[in-house]
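Below is one structure, written out as structure tokens; comments come after it.
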Amino acid sequence: MIGGVAVDAQLVISAAAATVLLVTVTAATVVRIARDGSPAPTTFEETRALHCPSDLRLLDRHGAVLHELRLDEARRRMRWVSLAGISPALQEAVLRSEDRRFFDHRGVDARAMIAAVWQRIRHGSLRGASTITMQLAAMLDRGLARGGSPRTPAAKWRQMRAAWALEARWTKRQILEAYLNLVTFRGELQGAAAAAAVLFDKAPHGLSHPEAAVLAALIRSPNAARDVVEARAKRLMAASSAAAGDPARAASLSSRADPLRAALDDAFASPSGTGPRVTDAAHAARRLFTADDVAGCRDRASTLDAELQRRAASSLHDHLRDMREQSVRDGAVLVVDNASGDVLAYVASSGRLSSSEHVDGIRALRQPGSALKPFLYALALDRRLVTAATLLEDAPTDIAIGSGVFRPRNYDHLFRGLVTVRTSLAASLNVPAVRTLQLVGADRFADSLRELGFDGIDGDGDFYGPSLALGSAEVSLWELVGAYRTLARGGLASPLRLTAADARDGDQESMTPPARRVLGEEAAFITADILADRGSRATTFELENALATRFWSAAKTGTSKDMRDNWCIGFSDRYTVGVWVGNFTGAPMHDVSGVSGAAPIWNDVLSQLHADRPSIAPPPPTAVIRMAAPGGAPPEWFVQGTEPLVPSQLARLPRIVSPADGSILTVDLDTPPQRQRVTFVADAAPEGAAWKLGDALLSAAEPALWSPVRGHHRLALLDGDRRELAAVTFEVRGGPRPPQD
């Protein structure tokens with residue numbers, strides 16, 4: 001019994017021993033113990049350099065934070081903050097709460113230790129005696145952490161030695177700075193920066209006295225109830241008032257009951273598990289951060305523009321909200337710089353409006369509908385198979401495919417007879433596009449699409465069939481924007497890029513990755529000119545629609561089968577913008593077309609980009625001339641050498657009438673062979689044309705009779721220079737087998 005209080009004998013002995021030790025240890029002894037008897041602590045500079053925030057940051061091209069990628073789910077840490085960046089009010093409150101004689105002792109406060117021991121002996125209550133330096137030593141060395149249990153005398157002695165070692169090597173300001181960056185305030189919040197941001201939505205330098213008192217009170221008991229924290233914060237503010245000396249300041253601090261209540265409201269309104277905010281750049285962050293970034297605790301710089309990213313996301317959200325009644329929930333927007341390929345906005349999801357916000361709508365594969373047509377016509381123009389003035393027939397047609405028939409129809413179910421290539425593309429007519437695919441060849445078109453960067457198109461022409469002209473293959477918004485940028489750059493393709501390496505404002509052209517030519521400059525120019533033609537577009541879409549801008553721009557829409565996907569991709573002289581809307585679930589939209597769905601978003605984003613800068617139509621290449629088209633039509637652009645000479649030559653395109661493309665022919669063994677020969681028939685074949693079956697050159701392209709041979713065959717119509725004009729494939733079943741080599 002001591003003073004009428006029953007105490008543990010071991011506690012008394014340990015406390016007495018510690019007291020004697022603290023009284024007799026001299027300053028010189030402390031230095032010797034620190035230098036000779038304890039593990040050398042890491043330096044302050046190493047501690048600061050090794051500090052890794054719980055969230056890596058994705059930065060835009062100007063250094064603004066776009067997104068935070070969570071790495072440590074157990075702790076929420078931010079960047080290291082210097083002592084000058086932490087509110088003096090918080091420094092004062094923490095010192096008053098945790099270590100009043102911090103600047104007077106050498107790591108261990110003997111007076112506080114003796115007082116704690118005596119209080120335990122007299123009252124049985126535990127009073128903290130660990131200095132800020134001792135607490136920091138335990139933070140830096142996990143072996144010194146107590147794990148929720150009281151420390152044994154031996155453990156306490158090891159902590160004291162570590163504290164003396166820190167004091168011998170670090171300055172007091174360094175110790176305080178490290179402590180305020182590493183101490184836990186509440187729940188997962190580690191460091192003053194995280195506590196200030198999550199609880200008060202402030203930087204640590206802006207904390208007020210009441211907020212500082214609340215944070216200091218939380219250090220002592222991070223998970224305490226509000227009333228416990230409030231009582232301790234009040235005591236800290238009262239002690240600060242008494243110590244202020246200045247009566248006016250003391251009165252001011254003492255009268256802050258309402259600000260303290262507000263600070264407590266803020267602190268306890270935020271759940272301790274608050275994580276980083278989810279942003280519209282989350283998908284870009286997931287694609288950009290590498291294992292090296294995580295291992296090296298490095299932020300990631302990007303080509304994105306934070307302001308444009310925000311505006312693009314806002315436009316997408318606003319328009320999707322307007323389309324909720326039409327069962328549209330998802331969308332994506334991609335904006336790139338034409339010259340450099342820098343991605344300026346990457347909005348891959350509609351966020352909280354989305355049916356599946358974690359799906360990346362920019363990389364997801366969907367059917368593009370008519371959005372592929374510009375590349376079909378560009379290929380036909382490039383191969384000199386058509387001109388912009390060539391007439392194509394827009395009329396009902398049946399094309400044999402396998403055991404069935406393919407009947408292309410226009411969006412409005414109307415047919416317009418003979419129309420020019422310009423009108424066919426601008427007005428997005430389907431039948432002329434299918435006829436152009438027959439002229440070009442499905443295999444060649446598939447190859448051209450792969451050259452443009454559509455990596456998902458990995459089948460041959462037979463796999464896709466005539467529907468390839470209408471966008472039956474699956475592509476991504478990333479691929480479409482890259483291909484349209486190729487048109488904007490006169491047929492030169494180069495990769496899009498999200499990383500900011502070597503990208504500098506004002507010097508983008510010199511940083512452009514090596515480009516490769518995938519389309520002729522002349523064909524790309526004429527295709528872009530058609531996509532910018534409001535008059536020709538009006539055949540289907542009328543003059544006033546969401547594709548019309550007040551500056552020069554070229555654009556195309558696309559809608560997949562059953563209205564599951566809706567696209568608008570286009571470009572100005574400086575930017576290419578792509579938009580997709582639909583549903584990640586695959587559910588169809590109701591009464592939504594490219595002009596009413598994706599196009600308004602496209603127009604909004606591109607118009608913002610050109611709010612204060614013009615967009616000028618590109619100059620024609622030297623090999624492109626403008627001249628009057630046949631039949632009194634308006635002047636048209638022609639590649640030199642393709643300008644019309646005889647108007648009647650444009651009335652019909654050479655094509656194979658029989659056999660039908662994709663047909664299956666069966667040989668009847670009971671019928672004489674001479675009565676089962678196949679007739680090759682061509683329409684509008686030029687003089688000197690010939691047939692080519694497989695690799696064999698046959699007779700002139702007049703109606704020819706051919707004895708069928710079992711197998712798959714490709715029949716081509718060649719002009720006098722043996723260039724392919726049209727081709728069909730067909731299969732013969734039964735009959736004799738082909739000869740073996």
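Going through the structure tokens in order, the chains are called A, B, and so on, while each chain numbers its residues from 1 and the ligands are numbered from 1 in the order shown.
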Please extract the residues of segment 396-560 of chain A with a backbone DSSP assignment of alpha helix (DSSP H) and present them as a ChimeraX atom specification. /A:421-426,430-440,442-451,461-464,477-488,521-531,534-541
What are the DSSP strand (DSSP E) residues of segment 493-662 of chain A, as a PyMOL selection string? chain A and resi 493+516-517+554-559+565-571+575-582+624-628+635-639+655-658
Just want the 9 Å neighbourhood of segment 89-91 of chain A, counted on only C-alpha atoms, with same-chain residues fewer than 3 positions away dropped. Output as a list of chain:residue names.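 Once the nearby chain positions are removed, what remains is A:Leu83, A:Ile86, A:Val94, A:Leu95, A:Arg96, A:Leu176, A:Leu180, A:Ala192, A:Pro204, A:His205, A:Leu207, A:Ser208, A:His209, A:Pro210, A:Glu211, A:Ala212, A:Ala213, A:Leu215, A:Ala216.
Using only C-alpha atoms, the shortest contact distance between Pro368 of chain A and any of A:Lys556, A:Arg70, A:Arg261, A:Arg626 is found at A:Lys556.
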Using only C-alpha atoms, can you tell me which of A:Asp60, A:Asp104, A:Glu98, A:Asp258 comes closest to Leu218 of chain A?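 Closest candidate: A:Glu98.
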Considering only C-alpha atoms, return as a tab-separated table (two decimals) with C-alpha atoms, in the first residue's frame whatever protein or nucleic-acid residues lie within 10 Å of segment 703-709 of chain A, sequence-local ones (same chain, fewer than 5 positions apart) excluded.
```tsv
chain	number	residue	atom	x	y	z
A	658	SER	CA	-23.58	-13.69	-113.04
A	665	LEU	CA	-23.92	-23.83	-107.27
A	666	THR	CA	-24.72	-27.56	-107.18
A	667	VAL	CA	-23.87	-29.97	-110.00
A	673	PRO	CA	-22.32	-31.64	-118.19
A	674	GLN	CA	-22.78	-29.51	-121.33
A	675	ARG	CA	-26.16	-28.44	-119.98
A	676	GLN	CA	-24.79	-27.35	-116.58
A	677	ARG	CA	-22.15	-24.87	-117.66
A	678	VAL	CA	-22.03	-21.58	-115.75
A	679	THR	CA	-22.47	-18.33	-117.63
A	680	PHE	CA	-20.14	-15.44	-116.79
A	681	VAL	CA	-21.94	-12.15	-117.49
A	682	ALA	CA	-20.60	-8.61	-116.95
A	683	ASP	CA	-22.40	-5.27	-117.10
A	691	TRP	CA	-12.21	-12.68	-117.06
A	698	LEU	CA	-9.84	-16.53	-119.42
A	731	GLU	CA	-18.84	-22.23	-104.47
A	732	VAL	CA	-19.50	-25.31	-106.57
A	733	ARG	CA	-20.73	-28.44	-104.82
A	734	GLY	CA	-20.66	-31.86	-106.48
A	735	GLY	CA	-19.19	-32.48	-109.91
A	736	PRO	CA	-15.57	-33.30	-110.73
A	737	ARG	CA	-12.78	-32.44	-108.35
A	738	PRO	CA	-10.10	-29.96	-109.47
A	739	PRO	CA	-6.97	-31.55	-110.90
```
Quick one: everything within 9 Å of segment 456-471 of chain A, counting only C-alpha atoms, minus sequence neighbours fewer than 5 positions away in the same chain. Send it as a ChimeraX atom specification. /A:365,367-373,376,399,401,406,408,430,433-438,441-447,449-450,476,558-560,662,729
Just to be explicit: take each residue in the selection above, keep N, CA and C atoms, and write the result as a compact mmCIF listing (two decimals), in the first residue's frame.
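Output file result-v7.txt is given in full below:
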```
# COMPACT_ATOMS: atom_id res chain seq x y z
N LEU A 365 -15.16 -2.84 -77.83
CA LEU A 365 -15.44 -3.12 -79.24
C LEU A 365 -16.95 -3.13 -79.47
N GLN A 367 -20.11 -2.32 -82.83
CA GLN A 367 -20.32 -2.15 -84.27
C GLN A 367 -20.44 -0.67 -84.62
N PRO A 368 -19.67 -0.20 -85.63
CA PRO A 368 -19.64 1.23 -85.92
C PRO A 368 -20.71 1.72 -86.89
N GLY A 369 -21.45 0.80 -87.51
CA GLY A 369 -22.43 1.25 -88.50
C GLY A 369 -21.77 2.01 -89.63
N SER A 370 -22.39 3.10 -90.03
CA SER A 370 -21.92 3.86 -91.19
C SER A 370 -20.63 4.62 -90.94
N ALA A 371 -20.11 4.60 -89.72
CA ALA A 371 -18.89 5.34 -89.43
C ALA A 371 -17.68 4.77 -90.17
N LEU A 372 -17.78 3.56 -90.74
CA LEU A 372 -16.68 3.00 -91.53
C LEU A 372 -16.73 3.42 -93.00
N LYS A 373 -17.85 3.97 -93.46
CA LYS A 373 -18.01 4.27 -94.88
C LYS A 373 -16.95 5.21 -95.45
N LEU A 376 -14.09 3.26 -96.84
CA LEU A 376 -14.42 2.49 -98.04
C LEU A 376 -14.33 3.38 -99.27
N ILE A 399 -28.27 -9.67 -102.71
CA ILE A 399 -26.93 -10.24 -102.82
C ILE A 399 -26.93 -11.58 -102.11
N ILE A 401 -25.74 -14.56 -100.05
CA ILE A 401 -24.73 -14.80 -99.01
C ILE A 401 -25.02 -16.17 -98.39
N PHE A 406 -28.79 -11.12 -98.93
CA PHE A 406 -28.58 -9.87 -98.19
C PHE A 406 -29.25 -8.74 -98.96
N PRO A 408 -29.63 -4.88 -98.60
CA PRO A 408 -29.34 -3.60 -97.91
C PRO A 408 -30.45 -2.59 -98.11
N ASN A 430 -26.89 3.39 -97.97
CA ASN A 430 -26.35 2.05 -97.76
C ASN A 430 -26.13 1.25 -99.05
N ALA A 433 -23.03 2.13 -100.93
CA ALA A 433 -21.84 1.67 -100.20
C ALA A 433 -21.58 0.20 -100.46
N VAL A 434 -22.63 -0.61 -100.48
CA VAL A 434 -22.45 -2.04 -100.76
C VAL A 434 -21.95 -2.24 -102.18
N ARG A 435 -22.47 -1.46 -103.12
CA ARG A 435 -22.00 -1.56 -104.51
C ARG A 435 -20.52 -1.15 -104.59
N THR A 436 -20.12 -0.16 -103.83
CA THR A 436 -18.72 0.26 -103.83
C THR A 436 -17.83 -0.83 -103.24
N LEU A 437 -18.32 -1.53 -102.20
CA LEU A 437 -17.55 -2.64 -101.64
C LEU A 437 -17.36 -3.74 -102.67
N GLN A 438 -18.39 -4.00 -103.47
CA GLN A 438 -18.24 -5.00 -104.52
C GLN A 438 -17.18 -4.57 -105.53
N GLY A 441 -13.72 -4.75 -103.39
CA GLY A 441 -13.40 -6.08 -102.89
C GLY A 441 -13.34 -6.09 -101.38
N ALA A 442 -14.09 -7.03 -100.79
CA ALA A 442 -14.16 -7.07 -99.32
C ALA A 442 -12.80 -7.39 -98.70
N ASP A 443 -12.02 -8.25 -99.36
CA ASP A 443 -10.68 -8.57 -98.82
C ASP A 443 -9.81 -7.32 -98.77
N ARG A 444 -9.81 -6.58 -99.86
CA ARG A 444 -8.96 -5.38 -99.91
C ARG A 444 -9.41 -4.35 -98.90
N PHE A 445 -10.72 -4.22 -98.71
CA PHE A 445 -11.21 -3.25 -97.73
C PHE A 445 -10.81 -3.66 -96.32
N ALA A 446 -10.93 -4.96 -96.01
CA ALA A 446 -10.52 -5.44 -94.68
C ALA A 446 -9.03 -5.17 -94.45
N ASP A 447 -8.21 -5.41 -95.49
CA ASP A 447 -6.77 -5.12 -95.37
C ASP A 447 -6.53 -3.63 -95.11
N LEU A 449 -8.54 -1.47 -93.70
CA LEU A 449 -8.95 -1.12 -92.34
C LEU A 449 -7.88 -1.52 -91.32
N ARG A 450 -7.25 -2.66 -91.54
CA ARG A 450 -6.17 -3.06 -90.64
C ARG A 450 -4.99 -2.10 -90.74
N SER A 476 -13.29 -0.07 -81.95
CA SER A 476 -13.35 0.76 -80.74
C SER A 476 -13.35 2.24 -81.10
N GLY A 558 -22.78 7.20 -87.25
CA GLY A 558 -22.99 5.77 -87.46
C GLY A 558 -23.94 5.22 -86.42
N THR A 559 -24.81 4.32 -86.84
CA THR A 559 -25.73 3.66 -85.92
C THR A 559 -25.73 2.17 -86.24
N SER A 560 -25.49 1.35 -85.24
CA SER A 560 -25.42 -0.09 -85.48
C SER A 560 -26.81 -0.69 -85.51
N GLY A 662 -21.15 -14.74 -103.72
CA GLY A 662 -21.50 -15.59 -102.58
C GLY A 662 -22.43 -16.72 -102.90
N THR A 729 -17.17 -14.07 -105.41
CA THR A 729 -16.77 -15.42 -104.99
C THR A 729 -17.99 -16.32 -105.02
```
Across A:Thr152, A:Ser350, A:Gln309, A:Thr184, the smallest distance to Met139 of chain A, with only C-alpha atoms counted, is shown by A:Thr184
With only C-alpha atoms as the counted atoms, please give the residues lying no more than 6 Å from segment 66-68 of chain A, apart from itself and same-chain residues fewer than 2 positions off, as a list in words.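 The residues that qualify are Asp55, Leu56, Arg57, Leu58, Leu59 and Thr279 of chain A.
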For the residues in that selection, give me N, CA and C atoms as a PDB file, in the first residue's frame.
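The result, written out as result-v9.pdb:
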```pdb
ATOM      1  N   ASP A  55      -1.998   7.397 -52.508  1.00  0.00           N
ATOM      2  CA  ASP A  55      -2.617   7.564 -53.819  1.00  0.00           C
ATOM      3  C   ASP A  55      -1.611   8.196 -54.777  1.00  0.00           C
ATOM      4  N   LEU A  56      -1.370   7.518 -55.904  1.00  0.00           N
ATOM      5  CA  LEU A  56      -0.577   8.133 -56.954  1.00  0.00           C
ATOM      6  C   LEU A  56      -1.478   9.036 -57.786  1.00  0.00           C
ATOM      7  N   ARG A  57      -0.906  10.094 -58.317  1.00  0.00           N
ATOM      8  CA  ARG A  57      -1.705  11.096 -59.020  1.00  0.00           C
ATOM      9  C   ARG A  57      -1.444  11.041 -60.519  1.00  0.00           C
ATOM     10  N   LEU A  58      -2.542  11.094 -61.269  1.00  0.00           N
ATOM     11  CA  LEU A  58      -2.443  11.284 -62.709  1.00  0.00           C
ATOM     12  C   LEU A  58      -2.513  12.784 -62.969  1.00  0.00           C
ATOM     13  N   LEU A  59      -1.486  13.305 -63.631  1.00  0.00           N
ATOM     14  CA  LEU A  59      -1.385  14.740 -63.870  1.00  0.00           C
ATOM     15  C   LEU A  59      -1.698  15.061 -65.321  1.00  0.00           C
ATOM     16  N   THR A 279     -12.965  10.042 -60.562  1.00  0.00           N
ATOM     17  CA  THR A 279     -13.028  11.092 -61.559  1.00  0.00           C
ATOM     18  C   THR A 279     -13.286  10.508 -62.930  1.00  0.00           C
TER      19      THR A 279
END
```
Residue nearest Leu69 of chain A among A:Phe185, A:Trp157, A:Phe289, A:Phe200 (counting only C-alpha atoms):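 That would be A:Phe289, the residue with the smallest distance to Leu69 of chain A.
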Which one is closest to Pro618 of chain A: A:Thr540, A:Ser663, A:Thr290, A:Thr527? Count only C-alpha atoms.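 Looking only at the distances to Pro618 of chain A, the closest residue turns out to be A:Thr527.
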Do you know which residues are at most 9 Å from Gly191 of chain A counting only C-alpha atoms, after dropping those on the same chain fewer than 5 positions away, and could you put them as a list in words?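 Neighbouring residues, sequence-local ones excluded: Arg76, Arg77, Met78, Trp80, Val81, Ala178, Tyr179, Leu180, Asn181, Leu182, Val183, Thr184, Phe185 and Ala196 of chain A.
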How many Å separate atom CA of Gln174 of chain A from atom CA of Ala224 of chain A? 28.8 Å
